[in-house]
Amino acid sequence: MTDTAQPTIDGQHDVSHPDMGLFGRPLFEDPGARALSRVGVVDVGSNSVRFVVFDGAARSPAYFYNEKIMCALGAGLSETGTLSPEGRVRALSALRRFQHLAEGMNLPALSVVATAAVRDATDGPDFCAEVRRETGLRIWVIDGEEEARLSAQGVLLGWPGAYGLVCDIGGSSMELAEISGGRVGRRVSSSLGPLKLRDIKGGKKGRKAQIKETMQQLQEVMGPQRDRLFLVGGSWRAIARIDMYRRGYPLHVLHEYRMTARSVGATVKFIKSADPDVLRGSCGISSARMSLVPYAAEVLSQLVKNFKPKDIAISSYGIREGMLYEQMPQRLRDRDPLIEACRFAEAKDARMPGFGRSLYAFINPIFKSVPDARKRLIKAACLLHDVSWRAHPDYRAETCFDNATRANLGGLKHSERVFLGLALLHRYSNKRNGTRFDDLYGLIDERMESEAEVLGKAMRFGAMLWMTQDAERGVFRWYPKKKLLELRLTPAMVPLFGEVAEARLMSLAASLGAEVKVRKVKANTPPPDPA
């Protein structure tokens, strides 16, 4: 759907403009979304207690604050039936600290949930009552199916159109949920958590039998699940880090990291043969987490064997993000998280908020034949093209690349991160070789690499012609068969087309392998139809 509202100089939009489209009115300005702009949640798990404060565009929030304390509440639960005494002390101390931090940040009331350890322990209610007395925090103890639903909703926050099987592993349980069409379907909980598996009698043989039997039961409940497998949870992320290390993978971003069944098998063998201390140090994994990795690896191996997913993706979003998603109105859920985050970044950091939309309209004729998935990235690049202007000029190009590839942006494959980063690098630099990012370029093919260069140089040139709000637009026309790039300049734009602008236009043309034709036209003269 087309979007005809024009941005003002401060990035605001005509209030009559419909709330739709990738360049529609940004919902972070809406009162309903602003209510979610800074939200604190606490997840009391079997292994850790984590406090997260979300901030920014609610549809794709950044982590204003994120702290985890390894408490191991569920340690020994299988044998004693109660929470670990030491874990209780540590968890209560953590919750007391988190409540004080929330008060200092002037947050609304914290949302606190507890999962398997607290719900299974006989002293779980007593622990919740103690926390209420000591901190004023009310803990919501959720059952396994609800835990699966919230984790799946966390995945949907990052991938609105995701479909497949979500697997969330904690210390004392493992949940499965299917997602499709933006909704959560069947879900089930199990006792396949590393802390519980560690306490099973019979050693490795006993664990193997338990895992195999339980996985078969889960498969009967969930049915065939041959689509994508989304992995949620600290133990899965630790295994992904090890997989990256084993492969020598250059982009150390866990969200949307992909693995295959074959790579999982190779990494499980690698974990078995490696020195845990060396592996922990090399991969940046805590000793508490590393002690659980071998048990989680056994579960993952059987999970992949039973369900045979077409591919495997790591999700950094889980139950905490699912709690935020729970509070979103549907129209916010329907928005593209990448575009909403980029709009928010532009409004907050760009020199001229709202200009990204005009820039996209100007360079769009060059990219008319690219698929919609790529146009989405082009729009994101235009929104982000100026948000790093405060960086030192000598490092601005690298800062842009670093921000795009490592920022907390939802809905981006790793190859798309590199494409976006490379385009923004070329927004400030003609050359890309010789940077500390050279090893990342191999994550995209030559066509994407070339297209990113063209996009960056188009933005680099376009930024020179649009520095006033109401200036009449120049127009690009691209004739790919003729290899001709035509620029039509209105009288108002001619003074802006100086030596530097001309040099940037020629650099863009060189990347396209095209000839350039510059025409001066009367104001508001429509461009000719392409040949």
# chains A, B, ... in the order shown; residues from 1 in each chain; ligands from 1
>>> residues_around(residues="A:Glu147", least_positions_apart="4", cutoff="10 Å", atoms="only C-alpha atoms", output="PyMOL selection string")
chain A and resi 113-116+141-143+151-153+168+173-177+187-189+318-319+322
>>> write_last_selection(atoms="C-alpha atoms", output="short mmCIF file (atom, residue, chain, number, x, y, z; two decimals), in the first residue's frame")
data_model
loop_
_atom_site.label_atom_id
_atom_site.label_comp_id
_atom_site.auth_asym_id
_atom_site.auth_seq_id
_atom_site.Cartn_x
_atom_site.Cartn_y
_atom_site.Cartn_z
CA VAL A 113 7.34 -15.14 36.65
CA ALA A 114 8.72 -18.38 38.01
CA THR A 115 9.01 -21.61 36.07
CA ALA A 116 9.78 -25.30 36.66
CA VAL A 141 4.18 -19.27 39.01
CA ILE A 142 3.29 -20.52 35.55
CA ASP A 143 2.72 -24.08 34.40
CA SER A 151 8.58 -18.53 24.99
CA ALA A 152 6.93 -19.03 21.61
CA GLN A 153 5.55 -15.50 21.77
CA ASP A 168 12.86 -23.72 25.25
CA SER A 173 12.33 -28.49 32.17
CA MET A 174 12.10 -28.31 28.41
CA GLU A 175 9.07 -26.96 26.56
CA LEU A 176 7.90 -27.35 22.96
CA ALA A 177 5.42 -25.16 21.11
CA ARG A 187 2.49 -27.01 23.30
CA VAL A 188 3.86 -29.39 25.88
CA SER A 189 6.30 -29.44 28.79
CA GLY A 318 12.22 -16.11 24.85
CA ILE A 319 9.95 -15.98 27.85
CA GLY A 322 7.08 -13.15 25.34
#
>>> residues_around(residues="stretch 410-418 of chain A", least_positions_apart="2", cutoff="6 Å", atoms="only C-alpha atoms", output="JSON, numbers by chain")
{"A": [158, 159, 256, 337, 338, 405, 420, 421, 422, 443, 444]}
>>> closest_residue(among="A:Lys305, A:Lys517, A:Arg97, A:Arg289", to="A:Phe476", atoms="only C-alpha atoms")
A:Lys517
>>> residues_around(residues="stretch 267-271 of chain A", least_positions_apart="4", cutoff="10 Å", atoms="only C-alpha atoms", output="NGL selection string")
:A and (239-240 or 242-247 or 261-263 or 275-276 or 279 or 293-294 or 296-298 or 300-301)
>>> closest_residue(among="A:Ala209, A:Leu359, A:Val155, A:Leu192", to="A:Tyr317", atoms="only C-alpha atoms")
A:Val155
>>> select_by_dssp(residues="stretch 245-477 of chain A", states="alpha helix (DSSP H)", output="ChimeraX atom specification")
/A:245-247,261-273,276-283,287-290,293-307,319-326,330-333,337-349,355-363,372-384,396-406,414-428,446-462
>>> closest_residue(among="A:Gly233, A:Gly144, A:Pro309, A:Gly40", to="A:Tyr163", atoms="only C-alpha atoms")
A:Pro309
>>> residues_around(residues="A:Arg406", least_positions_apart="6", cutoff="9 Å", atoms="only C-alpha atoms", output="JSON, numbers by chain")
{"A": [251, 252, 253, 417]}
>>> decode(residues="stretch 83-129 of chain A", atoms="N, CA and C atoms", output="PDB file, in the first residue's frame")
ATOM      1  N   LEU A  83      13.545 -26.637  46.879  1.00  0.00           N
ATOM      2  CA  LEU A  83      14.504 -25.729  46.266  1.00  0.00           C
ATOM      3  C   LEU A  83      15.837 -25.799  46.992  1.00  0.00           C
ATOM      4  N   SER A  84      16.903 -25.537  46.271  1.00  0.00           N
ATOM      5  CA  SER A  84      18.233 -25.511  46.885  1.00  0.00           C
ATOM      6  C   SER A  84      18.273 -24.415  47.950  1.00  0.00           C
ATOM      7  N   PRO A  85      18.662 -24.735  49.189  1.00  0.00           N
ATOM      8  CA  PRO A  85      18.743 -23.714  50.243  1.00  0.00           C
ATOM      9  C   PRO A  85      19.663 -22.557  49.859  1.00  0.00           C
ATOM     10  N   GLU A  86      20.814 -22.878  49.304  1.00  0.00           N
ATOM     11  CA  GLU A  86      21.734 -21.826  48.869  1.00  0.00           C
ATOM     12  C   GLU A  86      21.122 -21.032  47.719  1.00  0.00           C
ATOM     13  N   GLY A  87      20.442 -21.747  46.815  1.00  0.00           N
ATOM     14  CA  GLY A  87      19.800 -21.072  45.700  1.00  0.00           C
ATOM     15  C   GLY A  87      18.724 -20.103  46.158  1.00  0.00           C
ATOM     16  N   ARG A  88      17.985 -20.485  47.216  1.00  0.00           N
ATOM     17  CA  ARG A  88      16.948 -19.594  47.751  1.00  0.00           C
ATOM     18  C   ARG A  88      17.553 -18.296  48.266  1.00  0.00           C
ATOM     19  N   VAL A  89      18.646 -18.422  48.972  1.00  0.00           N
ATOM     20  CA  VAL A  89      19.306 -17.235  49.519  1.00  0.00           C
ATOM     21  C   VAL A  89      19.772 -16.320  48.389  1.00  0.00           C
ATOM     22  N   ARG A  90      20.397 -16.923  47.385  1.00  0.00           N
ATOM     23  CA  ARG A  90      20.911 -16.137  46.272  1.00  0.00           C
ATOM     24  C   ARG A  90      19.764 -15.497  45.476  1.00  0.00           C
ATOM     25  N   ALA A  91      18.703 -16.261  45.260  1.00  0.00           N
ATOM     26  CA  ALA A  91      17.571 -15.737  44.491  1.00  0.00           C
ATOM     27  C   ALA A  91      16.889 -14.591  45.236  1.00  0.00           C
ATOM     28  N   LEU A  92      16.706 -14.733  46.538  1.00  0.00           N
ATOM     29  CA  LEU A  92      16.075 -13.669  47.313  1.00  0.00           C
ATOM     30  C   LEU A  92      16.933 -12.409  47.283  1.00  0.00           C
ATOM     31  N   SER A  93      18.232 -12.585  47.408  1.00  0.00           N
ATOM     32  CA  SER A  93      19.144 -11.435  47.333  1.00  0.00           C
ATOM     33  C   SER A  93      19.055 -10.762  45.964  1.00  0.00           C
ATOM     34  N   ALA A  94      18.987 -11.566  44.916  1.00  0.00           N
ATOM     35  CA  ALA A  94      18.887 -11.020  43.557  1.00  0.00           C
ATOM     36  C   ALA A  94      17.593 -10.239  43.380  1.00  0.00           C
ATOM     37  N   LEU A  95      16.487 -10.801  43.870  1.00  0.00           N
ATOM     38  CA  LEU A  95      15.199 -10.139  43.708  1.00  0.00           C
ATOM     39  C   LEU A  95      15.128  -8.850  44.521  1.00  0.00           C
ATOM     40  N   ARG A  96      15.760  -8.870  45.677  1.00  0.00           N
ATOM     41  CA  ARG A  96      15.808  -7.642  46.477  1.00  0.00           C
ATOM     42  C   ARG A  96      16.564  -6.551  45.726  1.00  0.00           C
ATOM     43  N   ARG A  97      17.680  -6.930  45.121  1.00  0.00           N
ATOM     44  CA  ARG A  97      18.460  -5.971  44.334  1.00  0.00           C
ATOM     45  C   ARG A  97      17.658  -5.462  43.132  1.00  0.00           C
ATOM     46  N   PHE A  98      17.001  -6.372  42.426  1.00  0.00           N
ATOM     47  CA  PHE A  98      16.272  -5.983  41.227  1.00  0.00           C
ATOM     48  C   PHE A  98      15.123  -5.030  41.559  1.00  0.00           C
ATOM     49  N   GLN A  99      14.461  -5.257  42.682  1.00  0.00           N
ATOM     50  CA  GLN A  99      13.371  -4.365  43.069  1.00  0.00           C
ATOM     51  C   GLN A  99      13.893  -2.959  43.361  1.00  0.00           C
ATOM     52  N   HIS A 100      15.051  -2.855  44.026  1.00  0.00           N
ATOM     53  CA  HIS A 100      15.652  -1.545  44.304  1.00  0.00           C
ATOM     54  C   HIS A 100      16.059  -0.861  43.001  1.00  0.00           C
ATOM     55  N   LEU A 101      16.615  -1.633  42.065  1.00  0.00           N
ATOM     56  CA  LEU A 101      16.980  -1.046  40.771  1.00  0.00           C
ATOM     57  C   LEU A 101      15.748  -0.516  40.039  1.00  0.00           C
ATOM     58  N   ALA A 102      14.664  -1.281  40.080  1.00  0.00           N
ATOM     59  CA  ALA A 102      13.433  -0.868  39.399  1.00  0.00           C
ATOM     60  C   ALA A 102      12.895   0.424  39.995  1.00  0.00           C
ATOM     61  N   GLU A 103      12.958   0.546  41.309  1.00  0.00           N
ATOM     62  CA  GLU A 103      12.500   1.773  41.955  1.00  0.00           C
ATOM     63  C   GLU A 103      13.372   2.955  41.536  1.00  0.00           C
ATOM     64  N   GLY A 104      14.690   2.721  41.446  1.00  0.00           N
ATOM     65  CA  GLY A 104      15.596   3.780  41.026  1.00  0.00           C
ATOM     66  C   GLY A 104      15.369   4.219  39.597  1.00  0.00           C
ATOM     67  N   MET A 105      14.863   3.315  38.749  1.00  0.00           N
ATOM     68  CA  MET A 105      14.581   3.629  37.346  1.00  0.00           C
ATOM     69  C   MET A 105      13.157   4.150  37.144  1.00  0.00           C
ATOM     70  N   ASN A 106      12.378   4.240  38.230  1.00  0.00           N
ATOM     71  CA  ASN A 106      10.988   4.699  38.152  1.00  0.00           C
ATOM     72  C   ASN A 106      10.155   3.845  37.208  1.00  0.00           C
ATOM     73  N   LEU A 107      10.386   2.539  37.281  1.00  0.00           N
ATOM     74  CA  LEU A 107       9.643   1.626  36.421  1.00  0.00           C
ATOM     75  C   LEU A 107       8.247   1.364  36.981  1.00  0.00           C
ATOM     76  N   PRO A 108       7.308   1.004  36.109  1.00  0.00           N
ATOM     77  CA  PRO A 108       6.032   0.470  36.611  1.00  0.00           C
ATOM     78  C   PRO A 108       6.309  -0.835  37.365  1.00  0.00           C
ATOM     79  N   ALA A 109       5.285  -1.373  37.971  1.00  0.00           N
ATOM     80  CA  ALA A 109       5.456  -2.611  38.737  1.00  0.00           C
ATOM     81  C   ALA A 109       6.101  -3.692  37.883  1.00  0.00           C
ATOM     82  N   LEU A 110       7.084  -4.386  38.453  1.00  0.00           N
ATOM     83  CA  LEU A 110       7.765  -5.452  37.728  1.00  0.00           C
ATOM     84  C   LEU A 110       6.828  -6.638  37.514  1.00  0.00           C
ATOM     85  N   SER A 111       6.961  -7.264  36.350  1.00  0.00           N
ATOM     86  CA  SER A 111       6.286  -8.532  36.088  1.00  0.00           C
ATOM     87  C   SER A 111       7.280  -9.645  36.391  1.00  0.00           C
ATOM     88  N   VAL A 112       6.939 -10.499  37.350  1.00  0.00           N
ATOM     89  CA  VAL A 112       7.854 -11.560  37.796  1.00  0.00           C
ATOM     90  C   VAL A 112       7.189 -12.907  37.583  1.00  0.00           C
ATOM     91  N   VAL A 113       7.862 -13.788  36.841  1.00  0.00           N
ATOM     92  CA  VAL A 113       7.337 -15.139  36.646  1.00  0.00           C
ATOM     93  C   VAL A 113       8.365 -16.160  37.129  1.00  0.00           C
ATOM     94  N   ALA A 114       7.871 -17.270  37.611  1.00  0.00           N
ATOM     95  CA  ALA A 114       8.722 -18.384  38.009  1.00  0.00           C
ATOM     96  C   ALA A 114       8.305 -19.614  37.229  1.00  0.00           C
ATOM     97  N   THR A 115       9.283 -20.452  36.926  1.00  0.00           N
ATOM     98  CA  THR A 115       9.015 -21.614  36.073  1.00  0.00           C
ATOM     99  C   THR A 115       9.235 -22.922  36.831  1.00  0.00           C
ATOM    100  N   ALA A 116       9.844 -23.913  36.204  1.00  0.00           N
ATOM    101  CA  ALA A 116       9.784 -25.304  36.664  1.00  0.00           C
ATOM    102  C   ALA A 116      10.198 -25.524  38.113  1.00  0.00           C
ATOM    103  N   ALA A 117      11.329 -24.963  38.537  1.00  0.00           N
ATOM    104  CA  ALA A 117      11.823 -25.263  39.877  1.00  0.00           C
ATOM    105  C   ALA A 117      10.818 -24.843  40.943  1.00  0.00           C
ATOM    106  N   VAL A 118      10.327 -23.611  40.844  1.00  0.00           N
ATOM    107  CA  VAL A 118       9.409 -23.105  41.861  1.00  0.00           C
ATOM    108  C   VAL A 118       8.061 -23.827  41.790  1.00  0.00           C
ATOM    109  N   ARG A 119       7.576 -24.144  40.596  1.00  0.00           N
ATOM    110  CA  ARG A 119       6.279 -24.819  40.490  1.00  0.00           C
ATOM    111  C   ARG A 119       6.354 -26.274  40.946  1.00  0.00           C
ATOM    112  N   ASP A 120       7.527 -26.910  40.831  1.00  0.00           N
ATOM    113  CA  ASP A 120       7.645 -28.326  41.198  1.00  0.00           C
ATOM    114  C   ASP A 120       8.036 -28.540  42.653  1.00  0.00           C
ATOM    115  N   ALA A 121       8.697 -27.563  43.260  1.00  0.00           N
ATOM    116  CA  ALA A 121       9.217 -27.740  44.622  1.00  0.00           C
ATOM    117  C   ALA A 121       8.089 -27.662  45.652  1.00  0.00           C
ATOM    118  N   THR A 122       8.175 -28.491  46.663  1.00  0.00           N
ATOM    119  CA  THR A 122       7.162 -28.463  47.724  1.00  0.00           C
ATOM    120  C   THR A 122       7.211 -27.156  48.505  1.00  0.00           C
ATOM    121  N   ASP A 123       8.386 -26.538  48.559  1.00  0.00           N
ATOM    122  CA  ASP A 123       8.503 -25.262  49.271  1.00  0.00           C
ATOM    123  C   ASP A 123       8.407 -24.066  48.328  1.00  0.00           C
ATOM    124  N   GLY A 124       7.922 -24.288  47.104  1.00  0.00           N
ATOM    125  CA  GLY A 124       7.759 -23.192  46.166  1.00  0.00           C
ATOM    126  C   GLY A 124       6.833 -22.098  46.690  1.00  0.00           C
ATOM    127  N   PRO A 125       5.638 -22.451  47.211  1.00  0.00           N
ATOM    128  CA  PRO A 125       4.745 -21.415  47.750  1.00  0.00           C
ATOM    129  C   PRO A 125       5.389 -20.645  48.904  1.00  0.00           C
ATOM    130  N   ASP A 126       6.140 -21.350  49.751  1.00  0.00           N
ATOM    131  CA  ASP A 126       6.803 -20.680  50.869  1.00  0.00           C
ATOM    132  C   ASP A 126       7.844 -19.674  50.360  1.00  0.00           C
ATOM    133  N   PHE A 127       8.565 -20.046  49.312  1.00  0.00           N
ATOM    134  CA  PHE A 127       9.554 -19.133  48.716  1.00  0.00           C
ATOM    135  C   PHE A 127       8.866 -17.888  48.157  1.00  0.00           C
ATOM    136  N   CYS A 128       7.764 -18.079  47.461  1.00  0.00           N
ATOM    137  CA  CYS A 128       7.035 -16.933  46.895  1.00  0.00           C
ATOM    138  C   CYS A 128       6.543 -16.003  47.999  1.00  0.00           C
ATOM    139  N   ALA A 129       6.058 -16.592  49.106  1.00  0.00           N
ATOM    140  CA  ALA A 129       5.581 -15.776  50.226  1.00  0.00           C
ATOM    141  C   ALA A 129       6.733 -14.999  50.862  1.00  0.00           C
TER     142      ALA A 129
END
